file final19.tsv (TSV, C-alpha atoms)
chain	number	residue	atom	x	y	z
A	326	MET	CA	-33.76	1.91	-1.58
A	327	SER	CA	-31.66	1.80	-4.71
A	328	GLY	CA	-31.77	4.52	-7.27
A	329	GLY	CA	-33.53	2.18	-9.69
A	330	GLY	CA	-31.97	0.38	-12.67
A	331	ALA	CA	-28.41	0.35	-13.90
A	332	THR	CA	-28.89	3.04	-16.55
A	333	GLY	CA	-30.03	6.64	-16.80
A	334	GLY	CA	-27.91	7.97	-13.95
A	335	HIS	CA	-28.99	5.35	-11.41
A	336	LEU	CA	-26.93	2.93	-9.36
A	337	GLU	CA	-28.13	-0.51	-8.37
A	338	THR	CA	-27.65	-1.50	-4.73
A	339	PRO	CA	-29.07	-5.02	-4.42
A	340	THR	CA	-27.44	-5.83	-1.08
A	341	LEU	CA	-28.63	-2.56	0.42
A	342	ASP	CA	-32.15	-3.22	-0.88
A	343	ARG	CA	-32.12	-6.62	0.81
A	344	GLU	CA	-30.43	-5.70	4.10
A	345	ALA	CA	-31.60	-2.12	4.75
A	346	ALA	CA	-34.61	-2.89	6.94
A	347	ASP	CA	-32.68	-5.23	9.26
A	348	LEU	CA	-29.71	-2.86	9.46
A	349	LEU	CA	-31.88	0.15	10.31
A	350	ARG	CA	-33.67	-1.87	12.99
A	351	ASP	CA	-30.33	-2.84	14.57
A	352	ILE	CA	-29.12	0.77	14.41
A	353	SER	CA	-32.33	2.00	16.08
A	354	GLU	CA	-31.95	-0.60	18.82
A	355	HIS	CA	-28.53	0.90	19.56
A	356	GLY	CA	-29.88	4.44	19.82
A	357	GLY	CA	-29.56	5.52	16.20
A	358	TYR	CA	-33.13	6.75	15.79
A	359	ALA	CA	-32.10	10.01	14.15
A	360	TYR	CA	-29.84	8.16	11.74
A	361	ALA	CA	-32.69	5.80	10.79
A	362	ALA	CA	-35.01	8.75	10.15
A	363	MET	CA	-32.46	10.55	7.97
A	364	SER	CA	-31.70	7.34	6.10
A	365	GLY	CA	-35.37	6.92	5.25
A	366	LEU	CA	-35.48	10.43	3.81
A	367	ALA	CA	-32.23	9.79	1.94
A	368	ALA	CA	-33.71	6.70	0.32
A	369	ALA	CA	-36.57	8.89	-0.90
A	370	GLY	CA	-34.14	11.26	-2.60
A	371	ASP	CA	-33.31	13.91	0.02
A	372	VAL	CA	-29.62	14.70	-0.48
A	373	ARG	CA	-29.35	16.82	2.68
A	374	ALA	CA	-30.79	13.99	4.76
A	375	ALA	CA	-28.30	11.60	3.12
A	376	GLU	CA	-25.40	13.88	4.07
A	377	ALA	CA	-26.78	14.25	7.60
A	378	ALA	CA	-26.95	10.46	8.00
A	379	ARG	CA	-23.39	10.14	6.73
A	380	GLU	CA	-22.20	12.77	9.21
A	381	MET	CA	-23.96	10.94	12.08
A	382	ALA	CA	-22.28	7.68	11.17
A	383	TRP	CA	-18.92	9.46	10.77
A	384	GLU	CA	-19.21	10.84	14.30
A	385	GLN	CA	-19.87	7.34	15.62
A	386	LEU	CA	-16.78	6.03	13.82
A	387	HIS	CA	-14.72	8.68	15.65
A	388	SER	CA	-16.35	8.34	19.06
A	389	GLY	CA	-13.44	6.30	20.46
A	390	PRO	CA	-10.66	3.87	19.49
A	391	TRP	CA	-11.34	2.22	16.14
A	392	HIS	CA	-11.50	-1.28	17.65
A	393	SER	CA	-14.27	-0.18	20.03
A	394	VAL	CA	-16.63	1.08	17.31
A	395	LEU	CA	-19.67	-1.16	16.86
A	396	PRO	CA	-19.51	-2.90	13.46
A	397	LEU	CA	-23.08	-1.83	12.69
A	398	TRP	CA	-21.95	1.81	12.61
A	399	ARG	CA	-19.39	0.95	9.97
A	400	ASP	CA	-22.19	-0.63	7.95
A	401	ALA	CA	-24.31	2.45	8.65
A	402	TYR	CA	-21.55	4.60	7.18
A	403	SER	CA	-21.45	2.39	4.07
A	404	MET	CA	-25.22	2.73	3.72
A	405	ALA	CA	-25.06	6.52	3.97
A	406	CYS	CA	-22.22	6.66	1.44
A	407	LEU	CA	-24.30	4.65	-1.02
A	408	HIS	CA	-27.26	7.00	-0.56
A	409	VAL	CA	-25.12	10.11	-0.99
A	410	ALA	CA	-23.24	8.72	-3.99
A	411	ARG	CA	-26.45	7.60	-5.68
A	412	LEU	CA	-27.91	11.09	-5.41
A	413	LEU	CA	-24.69	12.82	-6.49
A	414	TYR	CA	-24.41	10.52	-9.49
A	415	ARG	CA	-28.01	11.19	-10.41
A	416	GLY	CA	-27.16	14.91	-10.38
A	417	GLY	CA	-24.16	14.40	-12.67
A	418	GLU	CA	-21.47	14.86	-9.99
A	419	LEU	CA	-19.43	11.85	-11.04
A	420	LYS	CA	-16.10	12.58	-9.32
A	421	GLU	CA	-17.71	13.59	-6.02
A	422	ALA	CA	-19.85	10.43	-6.08
A	423	LEU	CA	-16.71	8.35	-6.64
A	424	ARG	CA	-14.97	10.12	-3.72
A	425	VAL	CA	-17.86	9.26	-1.38
A	426	LEU	CA	-17.87	5.63	-2.50
A	427	ASP	CA	-14.14	5.39	-1.77
A	428	LEU	CA	-14.74	6.73	1.74
A	429	GLY	CA	-17.29	3.96	2.16
A	430	LEU	CA	-14.72	1.37	1.10
A	431	ILE	CA	-12.01	2.83	3.36
A	432	MET	CA	-14.11	3.48	6.48
A	433	GLY	CA	-17.21	1.32	6.08
A	434	GLY	CA	-18.07	-2.22	7.08
A	435	THR	CA	-18.30	-5.45	5.12
A	436	LEU	CA	-22.09	-5.86	4.79
A	437	LEU	CA	-22.50	-3.54	1.79
A	438	ARG	CA	-19.01	-3.83	0.32
A	439	LYS	CA	-20.20	-5.60	-2.86
A	440	ASP	CA	-22.56	-2.73	-3.63
A	441	LEU	CA	-19.77	-0.21	-3.05
A	442	GLU	CA	-17.33	-2.13	-5.24
A	443	ALA	CA	-19.86	-2.54	-8.06
A	444	ALA	CA	-20.68	1.17	-7.97
A	445	VAL	CA	-17.00	2.12	-7.93
A	446	GLU	CA	-16.28	-0.13	-10.88
A	447	ARG	CA	-19.05	1.46	-12.93
A	448	LEU	CA	-18.18	5.05	-12.03
A	449	SER	CA	-14.45	4.45	-12.55
A	450	VAL	CA	-15.08	3.37	-16.13
A	451	GLU	CA	-17.19	6.47	-16.73
A	452	ALA	CA	-14.56	8.71	-15.11
A	453	ARG	CA	-11.84	7.26	-17.34
A	454	ASP	CA	-13.98	7.78	-20.40
A	455	ALA	CA	-14.60	11.38	-19.37
A	456	ARG	CA	-10.99	12.22	-18.50
A	457	VAL	CA	-9.38	14.70	-20.85
A	458	LEU	CA	-5.60	14.77	-21.03
A	459	GLY	CA	-4.54	17.73	-23.14
A	460	GLY	CA	-1.48	19.90	-23.67
A	461	GLU	CA	1.02	17.43	-22.17
A	462	GLU	CA	2.09	15.48	-25.24
A	463	GLY	CA	5.66	16.75	-25.09
A	464	LEU	CA	6.25	15.99	-21.44
A	465	ASP	CA	8.06	13.00	-19.98
A	466	LYS	CA	5.34	11.01	-18.23
A	467	ARG	CA	7.64	8.78	-16.20
A	468	LEU	CA	7.63	9.01	-12.40
A	469	VAL	CA	11.30	8.00	-12.25
A	470	ARG	CA	13.47	9.12	-15.15
A	471	GLU	CA	16.98	8.11	-14.08
A	472	GLY	CA	18.92	5.88	-11.72
A	473	ILE	CA	20.64	6.81	-8.48
A	474	ASP	CA	24.06	8.34	-7.92
A	475	ARG	CA	25.77	6.19	-5.29
A	476	ASP	CA	28.07	8.98	-4.11
A	477	LYS	CA	25.14	11.35	-3.58
A	478	VAL	CA	23.16	8.60	-1.87
A	479	LEU	CA	25.92	7.90	0.64
A	480	ARG	CA	25.83	11.53	1.76
A	481	ILE	CA	22.19	11.25	2.91
A	482	LEU	CA	22.23	7.75	4.43
A	483	PRO	CA	22.83	6.90	8.12
A	484	ILE	CA	26.44	6.49	9.24
A	485	LYS	CA	28.27	3.30	8.21
A	486	SER	CA	25.73	2.63	5.43
A	487	LEU	CA	26.86	0.19	2.71
A	488	SER	CA	30.23	-0.25	4.41
A	489	LEU	CA	29.73	-3.46	6.36
A	490	LYS	CA	27.69	-6.55	5.46
A	491	THR	CA	25.35	-6.33	2.47
A	492	VAL	CA	22.27	-8.51	2.15
A	493	THR	CA	22.88	-11.63	0.05
A	494	LYS	CA	21.51	-11.27	-3.48
A	495	ARG	CA	20.21	-14.29	-5.43
A	496	SER	CA	18.87	-14.44	-8.97
A	497	SER	CA	15.66	-16.38	-9.69
A	498	LEU	CA	15.90	-18.18	-6.34
A	499	SER	CA	14.01	-21.50	-6.33
A	500	LEU	CA	11.37	-22.19	-3.70
A	501	GLU	CA	13.49	-25.05	-2.35
A	502	GLY	CA	16.54	-22.79	-2.15
A	503	PHE	CA	14.54	-20.03	-0.45
A	504	LEU	CA	13.12	-22.46	2.12
A	505	ARG	CA	16.40	-24.20	2.88
A	506	GLU	CA	18.82	-21.28	2.84
A	507	PHE	CA	16.81	-18.32	4.11
A	508	PHE	CA	13.29	-19.06	5.36
A	509	LEU	CA	14.19	-21.82	7.84
A	510	SER	CA	17.30	-20.03	9.04
A	511	GLY	CA	15.52	-16.68	9.33
A	512	CYS	CA	17.97	-14.78	7.15
A	513	PRO	CA	17.17	-11.85	4.79
A	514	VAL	CA	17.80	-12.16	1.07
A	515	VAL	CA	17.37	-9.97	-2.02
A	516	ILE	CA	15.80	-11.91	-4.89
A	517	THR	CA	16.36	-10.61	-8.42
A	518	ASP	CA	14.80	-11.54	-11.78
A	519	CYS	CA	11.50	-12.55	-10.21
A	520	MET	CA	9.06	-9.81	-11.26
A	521	SER	CA	9.33	-9.84	-15.04
A	522	GLN	CA	5.76	-11.18	-15.37
A	523	TRP	CA	4.23	-8.33	-13.39
A	524	PRO	CA	2.28	-5.89	-15.60
A	525	ALA	CA	3.13	-3.24	-12.97
A	526	ARG	CA	6.78	-3.33	-14.02
A	527	MET	CA	5.84	-1.84	-17.38
A	528	LYS	CA	2.84	0.25	-16.35
A	529	TRP	CA	3.45	1.94	-13.00
A	530	ASN	CA	6.21	4.28	-14.11
A	531	ASP	CA	3.71	5.86	-16.51
A	532	ILE	CA	1.86	8.77	-14.89
A	533	ASP	CA	-0.87	8.73	-17.53
A	534	TYR	CA	-1.59	5.08	-16.85
A	535	LEU	CA	-1.82	5.62	-13.09
A	536	LYS	CA	-4.13	8.58	-13.56
A	537	SER	CA	-6.31	6.67	-16.01
A	538	VAL	CA	-6.94	3.72	-13.66
A	539	ALA	CA	-6.90	5.49	-10.29
A	540	GLY	CA	-6.71	9.26	-10.74
A	541	ASP	CA	-10.18	10.05	-9.42
A	542	ARG	CA	-10.02	7.61	-6.51
A	543	THR	CA	-9.66	8.88	-2.93
A	544	VAL	CA	-6.80	7.48	-0.83
A	545	PRO	CA	-5.42	8.07	2.69
A	546	VAL	CA	-1.91	9.55	2.84
A	547	GLU	CA	0.58	10.42	5.57
A	548	VAL	CA	2.07	13.92	5.63
A	549	GLY	CA	5.28	14.71	7.51
A	550	LYS	CA	8.71	13.24	8.16
A	551	ASN	CA	7.41	9.98	9.71
A	552	TYR	CA	4.83	8.62	12.13
A	553	LEU	CA	7.03	9.24	15.19
A	554	CYS	CA	7.14	13.01	14.61
A	555	SER	CA	4.69	15.36	16.31
A	556	GLU	CA	3.84	17.25	13.10
A	557	TRP	CA	2.87	14.01	11.30
A	558	LYS	CA	-0.75	13.86	10.10
A	559	GLN	CA	-3.07	12.01	7.73
A	560	GLU	CA	-5.16	13.33	4.84
A	561	LEU	CA	-7.65	12.03	2.28
A	562	ILE	CA	-6.84	13.16	-1.28
A	563	THR	CA	-7.41	11.89	-4.81
A	564	PHE	CA	-4.75	9.71	-6.38
A	565	SER	CA	-4.18	12.39	-9.04
A	566	GLN	CA	-3.46	14.93	-6.29
A	567	PHE	CA	-1.06	12.44	-4.73
A	568	LEU	CA	0.76	11.96	-8.04
A	569	GLU	CA	1.08	15.73	-8.40
A	570	ARG	CA	2.71	15.87	-4.96
A	571	LEU	CA	5.08	13.06	-5.96
A	572	GLN	CA	6.23	15.12	-8.92
A	573	SER	CA	6.64	18.36	-6.99
A	574	ASN	CA	7.87	17.29	-3.54
A	575	ASP	CA	11.27	18.40	-2.33
A	576	PRO	CA	12.95	15.42	-0.58
A	577	SER	CA	14.12	17.77	2.17
A	578	ALA	CA	10.65	19.25	2.77
A	579	ALA	CA	8.85	18.70	6.06
A	580	ASP	CA	5.52	17.93	4.35
A	581	LEU	CA	6.47	14.82	2.38
A	582	THR	CA	3.37	12.88	1.35
A	583	TYR	CA	3.45	9.10	1.65
A	584	LEU	CA	0.82	6.50	0.78
A	585	ALA	CA	2.02	3.99	3.36
A	586	GLN	CA	0.80	0.61	4.56
A	587	HIS	CA	-2.57	1.03	2.90
A	588	PRO	CA	-4.54	-1.93	1.43
A	589	LEU	CA	-4.76	-0.05	-1.87
A	590	PHE	CA	-5.24	-3.22	-3.89
A	591	ASP	CA	-8.41	-4.14	-2.00
A	592	GLN	CA	-9.72	-0.71	-2.94
A	593	ILE	CA	-8.51	-0.31	-6.55
A	594	ASN	CA	-8.84	-3.59	-8.41
A	595	GLU	CA	-7.19	-2.29	-11.59
A	596	LEU	CA	-3.89	-1.90	-9.71
A	597	ARG	CA	-4.34	-5.31	-8.04
A	598	LYS	CA	-4.41	-6.92	-11.47
A	599	ASP	CA	-0.94	-5.50	-12.16
A	600	ILE	CA	0.84	-7.50	-9.45
A	601	LEU	CA	1.29	-11.18	-8.63
A	602	ILE	CA	1.62	-12.78	-5.19
A	603	PRO	CA	5.13	-14.29	-5.05
A	604	ASP	CA	5.18	-18.07	-4.59
A	605	TYR	CA	7.62	-17.50	-1.71
A	606	CYS	CA	4.67	-16.19	0.34
A	607	PHE	CA	3.26	-19.71	0.59
A	608	THR	CA	6.47	-21.20	1.94
A	609	GLY	CA	5.92	-23.31	5.03
A	610	GLY	CA	2.18	-23.59	4.39
A	611	GLY	CA	2.00	-19.81	4.70
A	612	GLU	CA	-1.17	-17.75	4.81
A	613	LEU	CA	-1.15	-14.25	3.32
A	614	LYS	CA	-2.02	-11.72	6.04
A	615	SER	CA	-1.86	-8.40	4.23
A	616	LEU	CA	-0.95	-6.84	0.91
A	617	ASN	CA	-0.02	-3.16	1.19
A	618	ALA	CA	1.14	-0.28	-0.97
A	619	TRP	CA	4.07	1.99	-0.12
A	620	PHE	CA	4.07	4.84	-2.64
A	621	GLY	CA	6.03	8.04	-2.01
A	622	PRO	CA	8.67	10.53	-3.10
A	623	GLY	CA	12.39	10.33	-2.51
A	624	GLY	CA	13.25	11.17	1.07
A	625	THR	CA	10.39	9.33	2.76
A	626	VAL	CA	11.60	7.32	5.76
A	627	THR	CA	10.08	4.47	7.73
A	628	PRO	CA	11.87	4.57	11.11
A	629	LEU	CA	13.61	1.57	12.62
A	630	HIS	CA	10.92	-0.96	13.63
A	631	HIS	CA	9.97	-4.63	13.37
A	632	ASP	CA	6.87	-6.50	12.19
A	633	PRO	CA	5.35	-9.78	13.42
A	634	HIS	CA	5.09	-11.54	10.05
A	635	HIS	CA	7.28	-12.85	7.25
A	636	ASN	CA	7.60	-10.01	4.76
A	637	ILE	CA	8.52	-9.69	1.11
A	638	LEU	CA	9.01	-6.10	-0.04
A	639	ALA	CA	8.78	-5.86	-3.83
A	640	GLN	CA	10.29	-2.79	-5.49
A	641	VAL	CA	8.26	-1.92	-8.59
A	642	VAL	CA	9.43	1.63	-9.39
A	643	GLY	CA	12.47	3.48	-8.06
A	644	ALA	CA	14.92	2.42	-5.36
A	645	LYS	CA	15.10	2.17	-1.57
A	646	TYR	CA	17.82	1.82	1.04
A	647	ILE	CA	17.06	-0.76	3.75
A	648	ARG	CA	19.05	-1.44	6.91
A	649	LEU	CA	18.33	-4.60	8.95
A	650	TYR	CA	19.20	-5.64	12.49
A	651	SER	CA	18.65	-9.16	13.82
A	652	SER	CA	15.68	-9.78	16.09
A	653	SER	CA	18.17	-10.82	18.78
A	654	PHE	CA	19.21	-7.15	19.18
A	655	SER	CA	15.86	-5.81	20.45
A	656	GLU	CA	17.13	-4.59	23.81
A	657	GLU	CA	20.09	-2.79	22.23
A	658	LEU	CA	17.77	-0.96	19.82
A	659	TYR	CA	15.84	0.83	22.58
A	660	PRO	CA	12.20	0.07	21.74
A	661	HIS	CA	9.50	2.47	22.90
A	662	SER	CA	7.73	1.42	26.08
A	663	GLU	CA	4.27	2.56	24.90
A	664	THR	CA	2.14	-0.34	23.68
A	665	MET	CA	1.27	1.32	20.38
A	666	LEU	CA	4.95	1.95	19.55
A	667	CYS	CA	6.66	-1.02	21.21
A	668	ASN	CA	7.73	-2.34	17.80
A	669	SER	CA	9.52	0.96	17.01
A	670	SER	CA	12.97	2.08	18.14
A	671	LYS	CA	13.62	5.36	19.93
A	672	VAL	CA	16.80	5.72	17.89
A	673	ASP	CA	16.71	8.08	14.92
A	674	LEU	CA	19.27	6.50	12.59
A	675	ASP	CA	19.52	9.76	10.65
A	676	ASP	CA	20.63	11.64	13.77
A	677	ILE	CA	21.84	9.19	16.43
A	678	ASP	CA	22.26	10.53	19.96
A	679	GLU	CA	25.32	8.48	20.92
A	680	GLU	CA	25.16	9.47	24.59
A	681	GLU	CA	21.51	8.52	24.93
A	682	TYR	CA	21.74	5.30	22.87
A	683	PRO	CA	25.32	4.04	23.06
A	684	LYS	CA	24.55	0.34	22.54
A	685	ILE	CA	23.50	0.78	18.92
A	686	MET	CA	26.79	2.24	17.74
A	687	ASP	CA	28.68	-1.04	17.47
A	688	LEU	CA	25.78	-3.33	16.61
A	689	GLU	CA	26.17	-5.52	13.54
A	690	PHE	CA	23.69	-4.90	10.75
A	691	MET	CA	23.24	-5.68	7.07
A	692	ASP	CA	21.90	-3.36	4.42
A	693	CYS	CA	21.18	-3.01	0.73
A	694	ILE	CA	19.83	-0.78	-2.01
A	695	LEU	CA	16.68	-2.43	-3.35
A	696	GLU	CA	16.41	-1.71	-7.06
A	697	GLU	CA	13.48	-1.92	-9.47
A	698	GLY	CA	12.40	-5.51	-10.09
A	699	GLU	CA	13.95	-6.85	-6.86
A	700	MET	CA	12.34	-8.34	-3.77
A	701	LEU	CA	13.67	-8.32	-0.20
A	702	TYR	CA	12.72	-11.05	2.27
A	703	ILE	CA	12.55	-9.72	5.86
A	704	PRO	CA	12.09	-12.42	8.52
A	705	PRO	CA	9.65	-11.84	11.42
A	706	LYS	CA	10.85	-9.50	14.19
A	707	TRP	CA	13.88	-8.32	12.22
A	708	TRP	CA	14.33	-4.59	12.77
A	709	HIS	CA	14.43	-2.52	9.60
A	710	TYR	CA	14.85	1.09	8.56
A	711	VAL	CA	13.72	2.13	5.06
A	712	ARG	CA	14.53	5.27	3.04
A	713	SER	CA	13.25	6.01	-0.47
A	714	LEU	CA	16.14	7.16	-2.67
A	715	THR	CA	13.87	8.19	-5.53
A	716	THR	CA	10.16	8.37	-6.09
A	717	SER	CA	9.26	4.84	-5.11
A	718	LEU	CA	6.35	2.45	-5.62
A	719	SER	CA	6.66	-0.71	-3.51
A	720	VAL	CA	4.38	-3.56	-2.44
A	721	SER	CA	4.69	-5.56	0.77
A	722	PHE	CA	3.40	-9.08	1.29
A	723	TRP	CA	2.99	-10.26	4.90
A	724	TRP	CA	2.40	-13.91	5.61
A	725	SER	CA	2.61	-16.26	8.56
A	726	LYS	CA	2.89	-19.96	9.26
A	727	PRO	CA	-0.47	-21.23	10.62
A	728	GLU	CA	1.27	-23.63	12.99
A	729	SER	CA	3.38	-20.88	14.59
A	730	PRO	CA	1.44	-18.73	17.10
A	731	ALA	CA	4.45	-16.43	17.42
A	732	ASP	CA	4.04	-15.37	13.80
A	733	SER	CA	0.30	-14.88	13.87
call {"tool": "encode", "arguments": {"input": "final19.tsv", "output": "structure tokens"}}
result
Amino acid sequence: MSGGGATGGHLETPTLDREAADLLRDISEHGGYAYAAMSGLAAAGDVRAAEAAREMAWEQLHSGPWHSVLPLWRDAYSMACLHVARLLYRGGELKEALRVLDLGLIMGGTLLRKDLEAAVERLSVEARDARVLGGEEGLDKRLVREGIDRDKVLRILPIKSLSLKTVTKRSSLSLEGFLREFFLSGCPVVITDCMSQWPARMKWNDIDYLKSVAGDRTVPVEVGKNYLCSEWKQELITFSQFLERLQSNDPSAADLTYLAQHPLFDQINELRKDILIPDYCFTGGGELKSLNAWFGPGGTVTPLHHDPHHNILAQVVGAKYIRLYSSSFSEELYPHSETMLCNSSKVDLDDIDEEEYPKIMDLEFMDCILEEGEMLYIPPKWWHYVRSLTTSLSVSFWWSKPESPADS
């Protein structure tokens, strides 16, 4: 079922070759006879049948809540993506083949992931070799060219910002000091001088570099003010298109584009190599739960909410404002009653309705501006509001203590 050898416009799919018969049998047993028929034709080189099989699997992925989708349909989608990409690649459509493979990584299952990753790695190298960057030699290729103006920043931040208690800032904090002074007591801290070894600190502010390693890759983005707004939506675009939006977006626009809480580093290994997992994430016998990217223009806002895990937010490029409220203030922060939003506050800190939410007005909070090269530790259940002050590239590390069910 593969396209043959590794050269001459063919992609090898050893896992698919080995698992295809069993997977198609399972799919047929669950009513996917038409999919199995189209997949057989796709394996024989029929591109329209390959696209039809992919569409069938896509419909199954969207037939109900994501958690209710049978895992075999996710694997079926991966299989169809491999068939489509193999045929596109054979026809010389390199970028479109890479887009389809990314969709397989984002939406597909785990069974065929190694085949998808191997194919992406090969096509990414070819795409980089084929990329032509011309006529831009005189341009400034940095995403962020200058620092922030504190006076201007204060005019756009929520009321009382940077006027009360600021988050403690510590330089090169030792693991013992972090454990004793902040982790065990559940207190936020900004840690400076701890990211100098990250290749990302030198590379990610270079637009050419980002385009060269990820420009042709497809990523999911959020469009709109934030996820609590009715006009908010999601799109799939190439990373180059996303970078273009970063450069052109007006911070006051309603269609801000944000690559938020996406496991980008599982998808694009070249970017994963540019960052290091902080040793702090293993404090207390910790287990890393997720590693996510938060890339967006100035003006993007993550509304007031809390998360279940220990969190280190590392600021690689640009700056962010973060406001934090203790977990003990949950009732006073008016959480949504809906299950899906129960970790989010009804209060819009940028436009507080004092009559509707009077309790929040006098609540104690701490805040900070997180600068390039700094990390912020956010304890579990601490409420936080985040605003990008410039174009911003951040990475979050969630971890939990295995012995603590409350954190898992």
call {"tool": "closest_atom_pairs", "arguments": {"input": "final19.tsv", "of": "segment 443-539 of chain A", "to": "segment 404-419 of chain A", "cutoff": "12 Å", "atoms": "all atoms listed in the file", "output": "Markdown table"}}
result
| residue | atom | partner | partner_atom | distance |
| --- | --- | --- | --- | --- |
| A:Ala443 | CA | A:Leu407 | CA | 11.0 |
| A:Ala444 | CA | A:Leu407 | CA | 8.6 |
| A:Val445 | CA | A:Ala410 | CA | 9.9 |
| A:Arg447 | CA | A:Leu419 | CA | 10.6 |
| A:Leu448 | CA | A:Leu419 | CA | 7.0 |
| A:Ser449 | CA | A:Leu419 | CA | 9.0 |
| A:Val450 | CA | A:Leu419 | CA | 10.8 |
| A:Glu451 | CA | A:Leu419 | CA | 8.1 |
| A:Ala452 | CA | A:Leu419 | CA | 7.1 |
| A:Arg453 | CA | A:Leu419 | CA | 10.9 |
| A:Asp454 | CA | A:Leu419 | CA | 11.6 |
| A:Ala455 | CA | A:Leu419 | CA | 9.6 |
| A:Arg456 | CA | A:Leu419 | CA | 11.3 |
call {"tool": "atom_distance", "arguments": {"input": "final19.tsv", "atom1": "atom CA of Met691 of chain A", "atom2": "atom CA of Gly511 of chain A"}}
result
13.6 Å
call {"tool": "atom_distance", "arguments": {"input": "final19.tsv", "atom1": "atom CA of Asp692 of chain A", "atom2": "atom CA of Phe590 of chain A"}}
result
28.4 Å
call {"tool": "residues_around", "arguments": {"input": "final19.tsv", "residues": "segment 347-356 of chain A", "least_positions_apart": "3", "cutoff": "7 Å", "atoms": "all atoms listed in the file", "output": "PyMOL selection string"}}
result
chain A and resi 344+361+397
call {"tool": "atom_distance", "arguments": {"input": "final19.tsv", "atom1": "atom CA of Leu436 of chain A", "atom2": "atom CA of Ser565 of chain A"}}
result
29.1 Å
call {"tool": "residues_near_point", "arguments": {"input": "final19.tsv", "point": "(3.5, 2.3, 6.1)", "cutoff": "9 Å", "atoms": "only C-alpha atoms", "output": "JSON, numbers by chain"}}
result
{"A": [547, 552, 583, 584, 585, 586, 587, 617, 618, 619, 627]}
call {"tool": "residues_around", "arguments": {"input": "final19.tsv", "residues": "Tyr702 of chain A", "least_positions_apart": "6", "cutoff": "10 Å", "atoms": "all atoms listed in the file", "output": "short mmCIF file (atom, residue, chain, number, x, y, z; two decimals) with C-alpha atoms, in the coordinates of the input"}}
result
data_model
loop_
_atom_site.label_atom_id
_atom_site.label_comp_id
_atom_site.auth_asym_id
_atom_site.auth_seq_id
_atom_site.Cartn_x
_atom_site.Cartn_y
_atom_site.Cartn_z
CA VAL A 492 22.27 -8.51 2.15
CA PHE A 503 14.54 -20.03 -0.45
CA PHE A 507 16.81 -18.32 4.11
CA PHE A 508 13.29 -19.06 5.36
CA GLY A 511 15.52 -16.68 9.33
CA CYS A 512 17.97 -14.78 7.15
CA PRO A 513 17.17 -11.85 4.79
CA VAL A 514 17.80 -12.16 1.07
CA VAL A 515 17.37 -9.97 -2.02
CA ILE A 516 15.80 -11.91 -4.89
CA TYR A 605 7.62 -17.50 -1.71
CA CYS A 606 4.67 -16.19 0.34
CA HIS A 635 7.28 -12.85 7.25
CA ASN A 636 7.60 -10.01 4.76
CA ILE A 637 8.52 -9.69 1.11
CA LEU A 638 9.01 -6.10 -0.04
CA ALA A 639 8.78 -5.86 -3.83
CA SER A 721 4.69 -5.56 0.77
CA PHE A 722 3.40 -9.08 1.29
#
call {"tool": "closest_residue", "arguments": {"input": "final19.tsv", "among": "A:Ala359, A:Ala345, A:Leu336, A:Met381", "to": "Leu426 of chain A", "atoms": "only C-alpha atoms"}}
result
A:Leu336
call {"tool": "closest_residue", "arguments": {"input": "final19.tsv", "among": "A:Tyr682, A:Trp708, A:Phe620, A:Trp529", "to": "Ser652 of chain A", "atoms": "only C-alpha atoms"}}
result
A:Trp708
call {"tool": "residues_around", "arguments": {"input": "final19.tsv", "residues": "Lys528 of chain A", "least_positions_apart": "6", "cutoff": "12 Å", "atoms": "all atoms listed in the file", "output": "PyMOL selection string"}}
result
chain A and resi 466-468+522+534-538+595-596+598-600+641-642+718
call {"tool": "residues_around", "arguments": {"input": "final19.tsv", "residues": "Thr563 of chain A", "least_positions_apart": "2", "cutoff": "6 Å", "atoms": "only C-alpha atoms", "output": "list of chain:residue names"}}
result
A:Asp541, A:Arg542, A:Thr543, A:Val544, A:Ser565, A:Gln566
call {"tool": "closest_residue", "arguments": {"input": "final19.tsv", "among": "A:His631, A:Lys420, A:His335, A:Arg480", "to": "Trp707 of chain A", "atoms": "only C-alpha atoms"}}
result
A:His631
call {"tool": "closest_residue", "arguments": {"input": "final19.tsv", "among": "A:Leu666, A:Val478, A:Leu601, A:Ile694", "to": "Ser521 of chain A", "atoms": "all atoms listed in the file"}}
result
A:Leu601
call {"tool": "residues_around", "arguments": {"input": "final19.tsv", "residues": "Met432 of chain A", "least_positions_apart": "3", "cutoff": "10 Å", "atoms": "all atoms listed in the file", "output": "PyMOL selection string"}}
result
chain A and resi 383+386+399-400+402-403+426-429+435
